[in-house]
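Peer 1: Take a look at upload.txt, compact mmCIF, C-alpha atoms and all ligand atoms:
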```txt
# COMPACT_ATOMS: atom_id res chain seq x y z
CA MET A 1 -0.12 -9.25 -19.21
CA LYS A 2 0.70 -7.10 -16.17
CA THR A 3 -0.89 -4.02 -14.60
CA ARG A 4 1.61 -1.20 -14.41
CA ILE A 5 1.30 2.02 -12.38
CA CYS A 6 2.21 4.76 -14.89
CA GLY A 7 1.33 7.87 -12.93
CA THR A 8 0.58 8.94 -9.35
CA GLY A 9 -1.04 11.98 -7.75
CA SER A 10 -2.28 13.26 -4.41
CA ALA A 11 -4.06 16.21 -2.85
CA LEU A 12 -4.42 17.33 0.76
CA PRO A 13 -6.79 19.99 2.09
CA GLU A 14 -5.22 23.38 2.82
CA LYS A 15 -6.10 23.44 6.52
CA ARG A 16 -3.29 21.87 8.56
CA VAL A 17 -4.19 20.98 12.14
CA THR A 18 -1.45 20.13 14.64
CA ASN A 19 -1.83 18.06 17.79
CA ASP A 20 -1.52 21.28 19.80
CA ASP A 21 -4.41 22.75 17.79
CA LEU A 22 -6.56 19.74 18.83
CA SER A 23 -5.57 20.11 22.46
CA ARG A 24 -7.28 23.55 22.45
CA PHE A 25 -10.71 21.86 22.39
CA LEU A 26 -9.98 18.24 23.39
CA GLU A 27 -8.43 16.74 26.49
CA THR A 28 -5.34 15.49 24.69
CA SER A 29 -1.71 16.48 24.09
CA ASP A 30 0.99 16.47 21.44
CA GLU A 31 2.99 14.16 23.70
CA TRP A 32 0.16 11.55 23.96
CA ILE A 33 -0.67 11.53 20.26
CA LYS A 34 2.96 11.45 19.06
CA SER A 35 4.10 8.80 21.50
CA ARG A 36 1.10 6.48 20.85
CA THR A 37 0.79 6.96 17.08
CA GLY A 38 3.64 9.01 15.57
CA ILE A 39 1.09 11.48 14.19
CA GLY A 40 2.06 15.18 14.44
CA ALA A 41 -0.52 16.87 12.20
CA ARG A 42 -3.31 16.14 9.74
CA HIS A 43 -5.08 18.12 7.01
CA LEU A 44 -8.85 18.65 7.37
CA ALA A 45 -11.25 19.66 4.62
CA VAL A 46 -12.95 23.01 5.21
CA GLU A 47 -13.73 24.32 1.72
CA GLU A 48 -12.74 21.19 -0.20
CA THR A 49 -14.94 18.36 -1.43
CA LEU A 50 -13.72 14.79 -1.88
CA THR A 51 -14.56 15.04 -5.57
CA GLY A 52 -12.38 18.16 -5.88
CA LEU A 53 -9.44 16.65 -3.97
CA THR A 54 -9.61 13.39 -5.91
CA ALA A 55 -9.87 15.22 -9.24
CA ARG A 56 -6.65 17.13 -8.38
CA ALA A 57 -4.89 13.87 -7.52
CA ALA A 58 -6.22 12.23 -10.70
CA GLU A 59 -5.11 15.11 -12.95
CA SER A 60 -1.56 14.79 -11.67
CA ALA A 61 -1.60 10.98 -12.16
CA LEU A 62 -2.98 11.37 -15.71
CA GLN A 63 -0.32 13.95 -16.54
CA GLU A 64 2.56 11.76 -15.35
CA ALA A 65 1.10 8.76 -17.22
CA GLY A 66 0.63 10.83 -20.39
CA VAL A 67 -3.00 9.67 -20.55
CA LYS A 68 -5.90 11.90 -21.64
CA PRO A 69 -9.14 11.61 -19.61
CA GLU A 70 -11.03 10.34 -22.68
CA GLU A 71 -8.54 7.44 -22.95
CA LEU A 72 -9.66 6.00 -19.60
CA ASP A 73 -11.75 2.81 -19.81
CA LEU A 74 -12.68 2.72 -16.12
CA ILE A 75 -12.60 4.85 -12.96
CA LEU A 76 -12.51 2.88 -9.74
CA SER A 77 -12.73 4.90 -6.51
CA ALA A 78 -12.07 3.43 -3.08
CA THR A 79 -13.79 5.46 -0.36
CA LEU A 80 -16.18 5.25 2.56
CA SER A 81 -16.84 9.00 2.72
CA ALA A 82 -17.95 10.14 -0.74
CA ASP A 83 -19.58 13.57 -0.98
CA HIS A 84 -22.90 11.96 -1.89
CA ILE A 85 -24.46 8.54 -1.46
CA LEU A 86 -25.67 9.05 -5.04
CA PRO A 87 -24.08 9.69 -7.45
CA SER A 88 -20.91 7.88 -6.42
CA LEU A 89 -17.51 9.63 -6.20
CA SER A 90 -16.25 7.87 -9.33
CA CYS A 91 -19.24 9.11 -11.36
CA GLU A 92 -18.61 12.65 -10.16
CA LEU A 93 -14.94 12.26 -11.10
CA GLN A 94 -15.88 11.03 -14.56
CA ARG A 95 -17.85 14.25 -15.04
CA GLU A 96 -15.13 16.50 -13.52
CA LEU A 97 -12.34 14.98 -15.61
CA GLY A 98 -14.33 14.67 -18.83
CA ALA A 99 -13.52 10.96 -18.95
CA VAL A 100 -16.42 10.39 -21.31
CA ASN A 101 -15.45 6.84 -22.33
CA ALA A 102 -14.94 5.50 -18.82
CA ALA A 103 -17.33 3.37 -16.82
CA ALA A 104 -17.17 4.25 -13.12
CA PHE A 105 -17.95 2.74 -9.76
CA ASP A 106 -16.96 3.05 -6.09
CA LEU A 107 -15.65 0.35 -3.84
CA ASN A 108 -15.69 0.35 -0.02
CA ALA A 109 -13.13 -1.80 1.73
CA ALA A 110 -12.26 0.92 4.28
CA CYS A 111 -8.49 1.26 4.88
CA SER A 112 -7.82 -1.69 2.54
CA GLY A 113 -9.91 0.00 -0.15
CA PHE A 114 -7.09 1.19 -2.40
CA LEU A 115 -5.51 -2.29 -2.43
CA PHE A 116 -8.86 -3.91 -3.23
CA ALA A 117 -9.48 -1.36 -6.01
CA LEU A 118 -5.98 -1.81 -7.46
CA GLN A 119 -6.42 -5.58 -7.44
CA THR A 120 -9.82 -5.24 -9.14
CA ALA A 121 -8.19 -3.09 -11.82
CA ASP A 122 -5.50 -5.76 -12.19
CA ALA A 123 -8.18 -8.44 -12.72
CA TYR A 124 -9.93 -6.31 -15.39
CA ILE A 125 -6.64 -5.75 -17.21
CA LYS A 126 -5.65 -9.43 -17.02
CA SER A 127 -9.10 -10.40 -18.37
CA GLY A 128 -8.55 -8.10 -21.36
CA GLN A 129 -11.75 -6.12 -20.68
CA TYR A 130 -9.93 -2.82 -20.01
CA GLN A 131 -6.46 -1.41 -20.80
CA THR A 132 -6.33 1.97 -19.01
CA ILE A 133 -7.83 2.53 -15.55
CA LEU A 134 -7.83 5.36 -13.00
CA VAL A 135 -7.75 3.99 -9.45
CA THR A 136 -8.32 6.45 -6.61
CA GLY A 137 -8.36 6.26 -2.84
CA GLY A 138 -9.44 9.13 -0.65
CA GLU A 139 -11.53 10.27 2.27
CA ILE A 140 -13.02 13.20 4.07
CA LEU A 141 -13.14 11.22 7.30
CA SER A 142 -13.50 14.38 9.36
CA ARG A 143 -17.21 14.30 8.40
CA LEU A 144 -17.56 10.89 10.11
CA MET A 145 -15.70 11.73 13.34
CA ASP A 146 -17.18 12.51 16.73
CA TRP A 147 -15.02 15.53 17.54
CA ASN A 148 -15.65 14.94 21.27
CA ASP A 149 -14.17 11.41 21.10
CA ARG A 150 -10.43 11.90 21.62
CA SER A 151 -9.73 8.19 21.13
CA THR A 152 -10.67 8.34 17.43
CA CYS A 153 -10.74 11.89 16.04
CA VAL A 154 -7.04 12.59 16.68
CA LEU A 155 -6.00 9.67 14.46
CA PHE A 156 -7.58 10.52 11.13
CA GLY A 157 -7.07 13.04 8.33
CA ASP A 158 -8.52 13.98 4.93
CA GLY A 159 -7.00 13.71 1.46
CA ALA A 160 -6.94 11.77 -1.78
CA GLY A 161 -4.51 9.83 -3.95
CA ALA A 162 -4.73 8.40 -7.44
CA VAL A 163 -2.85 6.18 -9.86
CA VAL A 164 -3.26 5.49 -13.57
CA VAL A 165 -2.65 1.85 -14.46
CA LYS A 166 -2.11 0.41 -17.92
CA ALA A 167 -1.61 -3.02 -19.44
CA ASP A 168 2.14 -3.73 -19.79
CA GLU A 169 4.11 -6.75 -21.00
CA THR A 170 7.01 -6.41 -18.53
CA TYR A 171 6.46 -4.22 -15.47
CA GLY A 172 3.64 -4.15 -12.93
CA ILE A 173 1.77 -6.21 -10.37
CA LEU A 174 3.36 -9.62 -9.73
CA GLY A 175 1.22 -11.02 -6.95
CA SER A 176 -1.59 -10.04 -4.58
CA VAL A 177 -3.57 -11.29 -1.61
CA GLN A 178 -6.68 -9.99 0.10
CA GLY A 179 -8.72 -11.14 3.06
CA THR A 180 -11.68 -10.38 5.29
CA ASP A 181 -12.76 -11.32 8.83
CA GLY A 182 -16.34 -10.06 9.13
CA VAL A 183 -16.80 -11.78 12.50
CA LYS A 184 -14.60 -9.10 14.13
CA GLY A 185 -16.18 -6.25 12.17
CA ASP A 186 -17.59 -4.44 15.21
CA VAL A 187 -14.12 -3.39 16.49
CA LEU A 188 -14.10 -0.57 13.92
CA SER A 189 -17.52 0.56 12.76
CA CYS A 190 -19.74 3.45 11.71
CA GLU A 191 -23.55 3.24 11.59
CA ASN A 192 -25.36 4.36 8.47
CA ARG A 193 -27.99 7.01 9.01
CA LYS A 194 -31.07 5.71 10.84
CA ASN A 195 -34.02 4.37 8.93
CA GLN A 196 -36.76 6.96 9.34
CA ASN A 197 -39.55 5.26 7.44
CA PRO A 198 -43.08 5.85 8.78
CA TYR A 199 -43.20 2.44 10.53
CA ILE A 200 -40.15 2.96 12.71
CA ALA A 201 -40.29 4.82 16.02
CA GLY A 202 -37.21 6.13 17.78
CA THR A 203 -34.53 8.73 17.89
CA LYS A 204 -32.85 10.17 14.83
CA ASP A 205 -29.28 10.38 16.07
CA SER A 206 -26.20 10.85 13.93
CA ALA A 207 -23.60 8.18 13.34
CA TYR A 208 -19.84 8.42 13.87
CA VAL A 209 -16.81 6.14 13.66
CA SER A 210 -16.24 4.09 16.81
CA MET A 211 -13.22 1.92 17.41
CA ASN A 212 -11.69 -0.54 19.84
CA GLY A 213 -8.14 0.68 19.14
CA GLN A 214 -6.33 -2.11 20.95
CA GLU A 215 -8.20 -4.84 19.05
CA VAL A 216 -7.48 -3.14 15.71
CA TYR A 217 -3.84 -2.79 16.71
CA LYS A 218 -3.54 -6.51 17.59
CA PHE A 219 -5.28 -7.53 14.36
CA ALA A 220 -2.92 -5.39 12.26
CA VAL A 221 0.28 -6.61 13.89
CA ARG A 222 -0.83 -10.27 13.63
CA THR A 223 -2.20 -10.14 10.08
CA VAL A 224 -0.10 -7.75 8.00
CA PRO A 225 3.27 -9.58 8.12
CA GLY A 226 1.58 -12.84 7.01
CA ALA A 227 -0.27 -11.06 4.19
CA ILE A 228 2.99 -9.49 2.97
CA HIS A 229 4.77 -12.86 3.09
CA ALA A 230 1.93 -14.48 1.11
CA ALA A 231 1.90 -11.73 -1.57
CA VAL A 232 5.70 -11.83 -1.93
CA GLU A 233 5.59 -15.62 -2.29
CA LYS A 234 2.85 -15.34 -4.94
CA ALA A 235 5.08 -12.88 -6.80
CA GLY A 236 7.82 -15.53 -6.86
CA LEU A 237 10.10 -13.35 -4.71
CA THR A 238 11.50 -13.31 -1.17
CA ILE A 239 11.32 -10.51 1.41
CA GLU A 240 15.01 -9.76 0.70
CA ASP A 241 14.11 -8.91 -2.94
CA ILE A 242 11.78 -6.05 -1.87
CA ASP A 243 13.10 -2.47 -2.01
CA TRP A 244 10.14 -0.60 -0.47
CA PHE A 245 7.26 -1.46 1.86
CA LEU A 246 4.45 1.11 1.62
CA LEU A 247 1.97 0.36 4.37
CA HIS A 248 -1.34 1.90 5.38
CA GLN A 249 -0.42 4.85 7.60
CA ALA A 250 -2.41 4.04 10.75
CA ASN A 251 0.20 4.10 13.48
CA ILE A 252 4.02 4.22 13.48
CA ARG A 253 4.08 1.50 16.16
CA ILE A 254 2.18 -0.89 13.86
CA ILE A 255 4.66 -0.19 11.04
CA GLU A 256 7.62 -0.69 13.41
CA ALA A 257 6.14 -4.01 14.58
CA VAL A 258 5.73 -5.19 10.96
CA SER A 259 9.29 -4.09 10.13
CA LYS A 260 10.58 -6.08 13.12
CA ARG A 261 8.56 -9.21 12.27
CA LEU A 262 9.76 -9.13 8.65
CA HIS A 263 13.39 -8.44 9.77
CA VAL A 264 13.52 -5.45 7.40
CA PRO A 265 14.93 -2.07 8.58
CA MET A 266 12.53 0.84 9.04
CA ASP A 267 14.30 2.88 6.31
CA GLN A 268 12.59 0.62 3.76
CA PHE A 269 9.21 1.66 5.21
CA PRO A 270 8.63 5.28 4.11
CA THR A 271 5.96 7.07 6.16
CA ASN A 272 3.92 10.27 5.99
CA LEU A 273 1.54 9.72 8.91
CA GLN A 274 3.53 12.34 10.84
CA GLU A 275 1.98 14.99 8.55
CA CYS A 276 -1.18 13.26 7.26
CA GLY A 277 -2.58 11.01 10.00
CA ASN A 278 -4.63 8.02 8.89
CA ILE A 279 -6.51 8.76 5.63
CA SER A 280 -8.03 5.27 5.32
CA ALA A 281 -8.35 4.43 1.58
CA GLY A 282 -6.23 7.51 0.78
CA SER A 283 -3.24 6.47 2.84
CA VAL A 284 -1.40 4.13 0.46
CA PRO A 285 -1.85 6.08 -2.83
CA ILE A 286 -0.92 9.39 -1.16
CA LEU A 287 2.23 7.82 0.32
CA LEU A 288 3.06 6.24 -3.05
CA HIS A 289 2.81 9.66 -4.71
CA HIS A 290 4.93 11.36 -2.02
CA VAL A 291 7.65 8.73 -2.46
CA ASN A 292 7.40 8.93 -6.27
CA GLU A 293 7.58 12.75 -6.41
CA ARG A 294 10.67 12.69 -4.19
CA GLY A 295 12.41 10.54 -6.83
CA MET A 296 12.87 7.62 -4.44
CA LEU A 297 11.51 4.99 -6.85
CA HIS A 298 13.63 3.59 -9.66
CA LYS A 299 12.59 1.54 -12.64
CA GLY A 300 12.64 -2.13 -11.67
CA ASP A 301 12.29 -1.52 -7.90
CA LYS A 302 10.20 -4.16 -6.15
CA ILE A 303 7.49 -2.59 -4.02
CA VAL A 304 5.00 -3.97 -1.50
CA LEU A 305 1.76 -2.05 -0.98
CA ALA A 306 -0.35 -3.14 2.01
CA GLY A 307 -3.61 -1.97 3.54
CA PHE A 308 -5.61 -3.14 6.57
CA GLY A 309 -8.53 -1.93 8.61
CA ALA A 310 -12.30 -2.02 9.06
CA GLY A 311 -14.14 -5.09 7.90
CA LEU A 312 -11.91 -6.38 9.19
CA SER A 313 -10.04 -6.48 5.90
CA TRP A 314 -6.51 -6.58 4.53
CA GLY A 315 -4.78 -6.62 1.16
CA ALA A 316 -1.22 -6.63 -0.15
CA SER A 317 0.27 -6.41 -3.64
CA VAL A 318 3.83 -6.76 -4.91
CA LEU A 319 4.84 -4.90 -8.06
CA THR A 320 7.81 -3.96 -10.19
CA TRP A 321 8.09 -0.19 -10.65
O1 LIG A 401 -7.02 2.12 9.87
C1 LIG A 401 -7.03 1.38 11.05
C2 LIG A 401 -7.49 2.32 12.06
N1 LIG A 401 -7.19 2.10 13.41
C3 LIG A 401 -5.99 1.86 13.95
O2 LIG A 401 -5.00 1.64 13.35
C4 LIG A 401 -5.96 1.91 15.43
C5 LIG A 401 -4.97 0.95 16.03
N2 LIG A 401 -4.82 1.26 17.46
C6 LIG A 401 -4.07 2.24 17.90
O3 LIG A 401 -3.41 2.92 17.13
C7 LIG A 401 -4.00 2.47 19.39
O4 LIG A 401 -4.74 1.47 20.06
C8 LIG A 401 -4.55 3.87 19.79
C9 LIG A 401 -3.57 4.94 19.35
C10 LIG A 401 -5.91 4.12 19.19
C11 LIG A 401 -4.67 3.98 21.31
O5 LIG A 401 -3.43 3.71 21.93
P1 LIG A 401 -3.37 2.73 23.19
O6 LIG A 401 -1.97 2.69 23.61
O7 LIG A 401 -4.04 1.45 22.79
O8 LIG A 401 -4.20 3.55 24.26
P2 LIG A 401 -5.52 3.10 25.05
O9 LIG A 401 -6.69 3.02 24.15
O10 LIG A 401 -5.20 1.92 25.90
O11 LIG A 401 -5.73 4.34 26.00
C12 LIG A 401 -4.80 4.63 27.07
C13 LIG A 401 -5.29 5.85 27.81
C14 LIG A 401 -6.75 5.77 28.26
O12 LIG A 401 -6.83 6.37 29.51
P3 LIG A 401 -6.89 5.45 30.87
O13 LIG A 401 -8.10 4.60 30.70
O14 LIG A 401 -5.60 4.68 30.86
O15 LIG A 401 -6.98 6.48 31.94
C15 LIG A 401 -7.47 6.63 27.25
O16 LIG A 401 -8.64 7.18 27.79
O17 LIG A 401 -5.19 7.01 26.97
C16 LIG A 401 -6.45 7.71 26.99
N3 LIG A 401 -6.62 8.38 25.71
C17 LIG A 401 -6.11 9.60 25.43
N4 LIG A 401 -5.41 10.46 26.19
C18 LIG A 401 -5.01 11.59 25.61
C19 LIG A 401 -7.27 7.92 24.60
N5 LIG A 401 -7.17 8.82 23.61
C20 LIG A 401 -6.46 9.86 24.11
C21 LIG A 401 -6.03 11.08 23.57
N6 LIG A 401 -5.32 11.91 24.34
N7 LIG A 401 -6.30 11.45 22.30
```
Show me the file's structure as structure tokens.
Peer 2:
Amino acid sequence: MKTRICGTGSALPEKRVTNDDLSRFLETSDEWIKSRTGIGARHLAVEETLTGLTARAAESALQEAGVKPEELDLILSATLSADHILPSLSCELQRELGAVNAAAFDLNAACSGFLFALQTADAYIKSGQYQTILVTGGEILSRLMDWNDRSTCVLFGDGAGAVVVKADETYGILGSVQGTDGVKGDVLSCENRKNQNPYIAGTKDSAYVSMNGQEVYKFAVRTVPGAIHAAVEKAGLTIEDIDWFLLHQANIRIIEAVSKRLHVPMDQFPTNLQECGNISAGSVPILLHHVNERGMLHKGDKIVLAGFGAGLSWGASVLTW
């Protein structure tokens, strides 16, 4: 039995912020951001909640899949920036969608989160426990940014993506890999809020994302090509069999380096980071929806999805569309 993606959806906040907009309050420039990352703009949540954005993405995925909310067995949400610590995003989605028969839980594997969630859904379907699952990935990372730190805040954006997966005899996920290197975890981190119990003295400062960009860059360029090779091999295919490579949208230079190492031209690596920035767990499902809604995917296409980021963590899956 395979796990087939039957519907995709995405939602971005209304507020679009260009690099020039950022340079009005930060010492940065369109030239620096574009030349180092490829990013031209990002969307930032002002009125929107992550639950609202993800529900919009999910509704579109359900509609394309022809699945009613009450037919869902499980909702699995990858995020590190849910609206609340409790209840989780997936529980809020279950309520919003009226998915009354679905169990729901969140999963945090940062920028690899959507791949980890998709692979978890695949394991549930292969085990026979569930047949129809909503998998989402999304973030409001702008709530975790230090807006005075130009080395991080210019890179990230907000948004959500979703897919509906179903058990299928023929089409779907053929092979997957995932990995973690917790020893290097401090190169991309964000503190939780401080413990303020009565026995602890000290300051009550806020916590923001901090990153050693060059270390993350080196990790990505070294790890992602190997992970893609391993997933393709597990799928019983070769790199030449793959039609599309949909990678986490962190930096155009990382994607170009992967394309070069795999000896695959960049036109097989669709991107949307120019308009979206890095949306962590939202990156891959939003890109998948953008490519799907443009009619670029054809039945039987072989697709690689790959995510990488904090943890450090990485995951790749190969599927037949
Ligand atoms: O989901 C995974 C998330 N993370 C990533 O994918 C990050 C991977 N890393 C990267 O994408 C790159 O390392 C960055 C884009 C973050 C940085 O590019 P870089 O070429 O590694 O630049 P750098 O950190 O070496 O900084 C070069 C200079 C520094 O100035 P000095 O020390 O040379 O005077 C920075 O202070 O650029 C400066 N700088 C900026 N200047 C203008 C850093 N951020 C900015 C900025 N605008 N926004």
Peer 1: From the list A:Arg150, A:Arg42, A:Lys166, A:Lys218, which residue is nearest ligand LIG 401 (chain A) when using all atoms listed in the file?
Peer 2: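 That would be A:Arg150, the residue with the smallest distance to ligand LIG 401 (chain A).
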Peer 1: Sorted by chain and rising residue number, which residues of stretch 4-80 of chain A lie within 8 Å of stretch 259-282 of chain A, and what are their closest atom pairs and distances in Å to one decimal, counting all atoms listed in the file, as a Markdown table?
Peer 2:
```
| residue | atom | partner | partner_atom | distance |
| --- | --- | --- | --- | --- |
| A:Gly38 | CA | A:Gln274 | CA | 5.8 |
| A:Ile39 | CA | A:Gln274 | CA | 4.2 |
| A:Gly40 | CA | A:Gln274 | CA | 4.8 |
| A:Ala41 | CA | A:Glu275 | CA | 4.8 |
| A:Arg42 | CA | A:Cys276 | CA | 4.4 |
| A:His43 | CA | A:Cys276 | CA | 6.2 |
| A:Ala78 | CA | A:Ala281 | CA | 6.0 |
| A:Thr79 | CA | A:Ala281 | CA | 5.9 |
| A:Leu80 | CA | A:Ala281 | CA | 7.9 |
```
Peer 1: Do you know which residues are at most 8 Å from A:Val224 counting all atoms listed in the file, after dropping those on the same chain fewer than 6 positions away, and could you put them as a PyMOL selection string?
Peer 2: chain A and resi 258+306+308+314
Peer 1: Could you write those residues out with C-alpha atoms, as a PDB file, in the frame of the given file?
Peer 2:
```pdb
ATOM      1  CA  VAL A 258       5.730  -5.190  10.960  1.00  0.00           C
ATOM      2  CA  ALA A 306      -0.350  -3.140   2.010  1.00  0.00           C
ATOM      3  CA  PHE A 308      -5.610  -3.140   6.570  1.00  0.00           C
ATOM      4  CA  TRP A 314      -6.510  -6.580   4.530  1.00  0.00           C
TER       5      TRP A 314
END
```
Peer 1: Return as a VMD selection string the residues of protein, DNA or RNA that approach ligand LIG 401 (chain A) to within 8 Å, with only C-alpha atoms and all ligand atoms taken into account.
Peer 2: chain A and resid 26 to 29 32 to 33 36 to 37 110 to 111 149 to 155 188 211 to 218 220 248 to 251 253 to 254 278 to 280 308 to 310
Peer 1: Please determine, counting all atoms listed in the file, which residue among A:Ala257, A:Leu237, A:Ile252, A:Ile286 has the shortest atom-to-atom distance to A:Thr223.
Peer 2: A:Ala257
Peer 1: What does the structure give for the distance between atom CA of A:Ser35 and atom CA of A:Trp244, in Å to one decimal?
Peer 2: 24.6 Å
Peer 1: How many Å lie between atom CA of A:Arg95 and atom CA of A:Val135, rounded to one decimal?
Peer 2: 15.4 Å
Peer 1: What is the distance, in Å and to one decimal place, between atom CA of A:Glu47 and atom CA of A:Cys190?
Peer 2: 23.9 Å
Peer 1: So, with only C-alpha atoms as the atoms that count, which of A:Cys6, A:Ala45, A:Gly157, A:Ser317 lies closest to A:Asn19?
Peer 2: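 Under the stated criterion, the closest residue is A:Gly157.
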Peer 1: I want to know what sits within 8 Å of A:Thr3, based on only C-alpha atoms, with residues of the same chain fewer than 5 positions away left out; could you give that as a list in words?
Peer 2: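 What passes the distance filter is Ala121, Asp122, Ile125, Lys126, Val165, Lys166, Ala167, Asp168, Tyr171, Gly172 and Ile173 of chain A.
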Peer 1: Using only C-alpha atoms for the distances, tell me which of A:Ser88, A:Thr180, A:Asn148, A:Asn192 is nearest to A:Ser112.
Peer 2: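 The shortest atom-to-atom distance to A:Ser112 comes from A:Thr180.
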Peer 1: Using only C-alpha atoms, which residues sit within 10 Å of A:Asp243 once same-chain residues fewer than 3 positions away are excluded, as JSON, numbers by chain?
Peer 2: {"A": [239, 240, 264, 267, 268, 269, 297, 298, 300, 301, 302, 303, 304, 320]}
Peer 1: Closest to A:Ala207 among A:Asp241, A:Glu256, A:Ile228, A:Arg143, using only C-alpha atoms?
Peer 2: A:Arg143
Peer 1: Measuring atom to atom with all atoms listed in the file, identify which of A:Phe116, A:Tyr208, A:Phe245, A:Phe105 is nearest to A:Gln178.
Peer 2: A:Phe116
Peer 1: Each side padded by 4 Å, which centre and which edge lengths in Å (one decimal) define the axis-aligned box around the listed atoms of stretch 56-67 of chain A? Give them as AutoDock Vina command-line options.
Peer 2:
```
--center_x -2.0 --center_y 12.9 --center_z -14.0 --size_x 17.2 --size_y 16.4 --size_z 21.0
```
